[in-house]
Amino acid sequence: MKLFNTFGVVGVVSLMAVGCGGEYTPEEAAQSPEMGEATQAVESAFIAGGQTRDFSTWLFGVTPFYVRNMSATRSTRFNAYCGANNISILLAPNQVYPTSLNCAWPGARLYVQNQGLSPTLDQIYVETH
């Protein structure tokens with residue numbers, strides 16, 4: 001029994017001296033590369049005329065994105081919406097339109113709708129950041 005108590009005391013003292021791991025002090029967390037800032041994954045998609053695509057959004061703040069008209073000869077209108085927040089823009093040929101929408105609530109999705117009439121001639125490219 002005395003041997004068991006000795007090992008028990010030595011084990012507890014060892015754990016106290018070494019620590020259990022997995023814990024960071026605030027200073028260590030600030031310096032650790034794996035504890036960096038949260039980043040939003042970039043999502044992108046080509047959207048044919050008459051189609052709608054949804055994208056992930058930031059939970060806090062606005063979701064930045066841009067829309068590019070892929071046609072060299074045709075203007076194309078797009079709608080972007082997230083709940084009651086929306087925009088509708090007519091893009092000139094090859095125009096890039098950077099913008100953002102406030103979609104800051106749990107489960108929100110950003111929807112971009114290409115209002116072009118031709119699925120092949122009225123393509124737009126959307127990229128979120």
# chains A, B, ... in the order shown; residues from 1 in each chain; ligands from 1

$ residues_around --residues "Gln123 in chain A" --least-positions-apart "6" --cutoff "7 Å" --atoms "only C-alpha atoms" --output "PyMOL selection string"
chain A and resi 46-49+69-71

$ residues_around --residues "range 84-97 of chain A" --least-positions-apart "5" --cutoff "7 Å" --atoms "only C-alpha atoms" --output "list in words"
Tyr66, Val67, Arg68, Asn69, Met70, Ser71, Ala72, Thr73, Arg74, Ser75, Thr76, Arg77, Phe78, Asn79 and Asn102 of chain A

$ closest_atom_pairs --of "range 37-90 of chain A" --to "range 107-112 of chain A" --cutoff "7 Å" --atoms "only C-alpha atoms" --output "CSV"
residue,atom,partner,partner_atom,distance
A:Thr52,CA,A:Val112,CA,5.6
A:Arg53,CA,A:Val112,CA,5.5
A:Asp54,CA,A:Tyr111,CA,4.3
A:Phe55,CA,A:Leu110,CA,5.0
A:Ser56,CA,A:Arg109,CA,5.5
A:Thr57,CA,A:Arg109,CA,5.8
A:Phe78,CA,A:Val112,CA,6.9
A:Asn79,CA,A:Val112,CA,5.7
A:Ala80,CA,A:Val112,CA,4.3
A:Tyr81,CA,A:Tyr111,CA,5.3
A:Cys82,CA,A:Leu110,CA,5.0

$ write_last_selection --atoms "all heavy atoms" --output "short mmCIF file (atom, residue, chain, number, x, y, z; two decimals), in the first residue's frame"
data_model
loop_
_atom_site.label_atom_id
_atom_site.label_comp_id
_atom_site.auth_asym_id
_atom_site.auth_seq_id
_atom_site.Cartn_x
_atom_site.Cartn_y
_atom_site.Cartn_z
N THR A 52 -29.38 30.86 -60.69
CA THR A 52 -29.08 31.46 -59.38
C THR A 52 -28.13 30.54 -58.64
O THR A 52 -28.25 29.32 -58.73
CB THR A 52 -30.36 31.65 -58.55
OG1 THR A 52 -31.26 32.47 -59.29
CG2 THR A 52 -30.07 32.31 -57.21
N ARG A 53 -27.22 31.11 -57.89
CA ARG A 53 -26.25 30.33 -57.10
C ARG A 53 -26.18 30.93 -55.71
O ARG A 53 -26.29 32.14 -55.55
CB ARG A 53 -24.89 30.40 -57.80
CG ARG A 53 -23.71 29.84 -57.03
CD ARG A 53 -23.60 28.33 -57.17
NE ARG A 53 -22.29 27.81 -56.89
CZ ARG A 53 -21.66 27.84 -55.73
NH1 ARG A 53 -22.18 28.45 -54.70
NH2 ARG A 53 -20.48 27.27 -55.58
N ASP A 54 -26.00 30.10 -54.69
CA ASP A 54 -25.87 30.60 -53.32
C ASP A 54 -24.44 30.42 -52.83
O ASP A 54 -23.72 29.52 -53.26
CB ASP A 54 -26.87 29.96 -52.37
CG ASP A 54 -26.61 28.49 -52.13
OD1 ASP A 54 -26.31 27.78 -53.10
OD2 ASP A 54 -26.70 28.06 -50.97
N PHE A 55 -24.04 31.30 -51.90
CA PHE A 55 -22.68 31.33 -51.38
C PHE A 55 -22.72 31.46 -49.86
O PHE A 55 -23.68 32.00 -49.29
CB PHE A 55 -21.90 32.53 -51.94
CG PHE A 55 -21.73 32.49 -53.43
CD1 PHE A 55 -22.68 33.07 -54.26
CD2 PHE A 55 -20.64 31.87 -54.01
CE1 PHE A 55 -22.54 33.04 -55.64
CE2 PHE A 55 -20.49 31.83 -55.38
CZ PHE A 55 -21.44 32.41 -56.20
N SER A 56 -21.66 31.01 -49.21
CA SER A 56 -21.50 31.19 -47.77
C SER A 56 -21.32 32.67 -47.46
O SER A 56 -20.88 33.44 -48.30
CB SER A 56 -20.28 30.43 -47.25
OG SER A 56 -20.39 29.07 -47.51
N THR A 57 -21.65 33.06 -46.22
CA THR A 57 -21.53 34.45 -45.82
C THR A 57 -20.75 34.57 -44.51
O THR A 57 -20.58 33.59 -43.79
CB THR A 57 -22.91 35.09 -45.61
OG1 THR A 57 -23.59 34.38 -44.56
CG2 THR A 57 -23.74 35.04 -46.87
N PHE A 78 -27.55 41.46 -63.02
CA PHE A 78 -27.58 40.46 -61.96
C PHE A 78 -28.26 41.04 -60.73
O PHE A 78 -28.25 42.25 -60.51
CB PHE A 78 -26.17 39.95 -61.61
CG PHE A 78 -25.37 40.90 -60.75
CD1 PHE A 78 -25.40 40.81 -59.37
CD2 PHE A 78 -24.58 41.88 -61.33
CE1 PHE A 78 -24.68 41.68 -58.57
CE2 PHE A 78 -23.84 42.75 -60.54
CZ PHE A 78 -23.89 42.65 -59.16
N ASN A 79 -28.86 40.17 -59.94
CA ASN A 79 -29.40 40.51 -58.63
C ASN A 79 -28.58 39.75 -57.59
O ASN A 79 -28.25 38.58 -57.80
CB ASN A 79 -30.86 40.05 -58.47
CG ASN A 79 -31.81 40.83 -59.33
OD1 ASN A 79 -31.52 41.94 -59.74
ND2 ASN A 79 -32.96 40.24 -59.62
N ALA A 80 -28.29 40.40 -56.49
CA ALA A 80 -27.67 39.73 -55.35
C ALA A 80 -28.53 40.06 -54.13
O ALA A 80 -28.92 41.21 -53.94
CB ALA A 80 -26.25 40.22 -55.15
N TYR A 81 -28.84 39.02 -53.35
CA TYR A 81 -29.69 39.28 -52.20
C TYR A 81 -29.36 38.36 -51.04
O TYR A 81 -28.84 37.26 -51.22
CB TYR A 81 -31.17 39.18 -52.57
CG TYR A 81 -31.59 37.89 -53.23
CD1 TYR A 81 -32.11 36.84 -52.49
CD2 TYR A 81 -31.47 37.72 -54.61
CE1 TYR A 81 -32.50 35.66 -53.11
CE2 TYR A 81 -31.86 36.56 -55.22
CZ TYR A 81 -32.38 35.53 -54.47
OH TYR A 81 -32.77 34.36 -55.08
N CYS A 82 -29.67 38.86 -49.88
CA CYS A 82 -29.47 38.14 -48.63
C CYS A 82 -30.56 38.65 -47.70
O CYS A 82 -30.44 39.77 -47.19
CB CYS A 82 -28.07 38.41 -48.10
SG CYS A 82 -27.67 37.48 -46.65
#

$ residues_around --residues "Thr63 in chain A" --least-positions-apart "4" --cutoff "6 Å" --atoms "only C-alpha atoms" --output "list in words"
Thr57, Trp58, Ser100 and Leu101 of chain A

$ write_last_selection --atoms "N, CA, C and O atoms" --output "CSV table (one decimal), in the first residue's frame"
chain,number,residue,atom,x,y,z
A,57,THR,N,-21.6,33.1,-46.2
A,57,THR,CA,-21.5,34.5,-45.8
A,57,THR,C,-20.8,34.6,-44.5
A,57,THR,O,-20.6,33.6,-43.8
A,58,TRP,N,-20.3,35.8,-44.2
A,58,TRP,CA,-19.7,36.1,-42.9
A,58,TRP,C,-20.7,36.1,-41.9
A,58,TRP,O,-21.8,36.7,-42.1
A,100,SER,N,-20.5,44.5,-51.6
A,100,SER,CA,-20.7,43.6,-50.4
A,100,SER,C,-22.2,43.8,-50.0
A,100,SER,O,-22.8,44.8,-50.3
A,101,LEU,N,-22.6,42.8,-49.2
A,101,LEU,CA,-24.0,42.8,-48.6
A,101,LEU,C,-23.9,42.4,-47.2
A,101,LEU,O,-23.1,41.5,-46.8

$ atom_distance --atom1 "CA of Leu121 in chain A" --atom2 "CA of Ala41 in chain A"
28.7 Å

$ select_by_dssp --residues "range 78-115 of chain A" --states "strand (DSSP E or B)" --output "list of chain:residue names"
A:Phe78, A:Asn79, A:Ala80, A:Tyr81, A:Cys82, A:Asn85, A:Asn86, A:Ile87, A:Ser88, A:Ile89, A:Leu90, A:Leu91, A:Val96, A:Tyr97, A:Pro98, A:Thr99, A:Ser100, A:Leu101, A:Asn102, A:Leu110, A:Tyr111, A:Val112, A:Gln113, A:Asn114
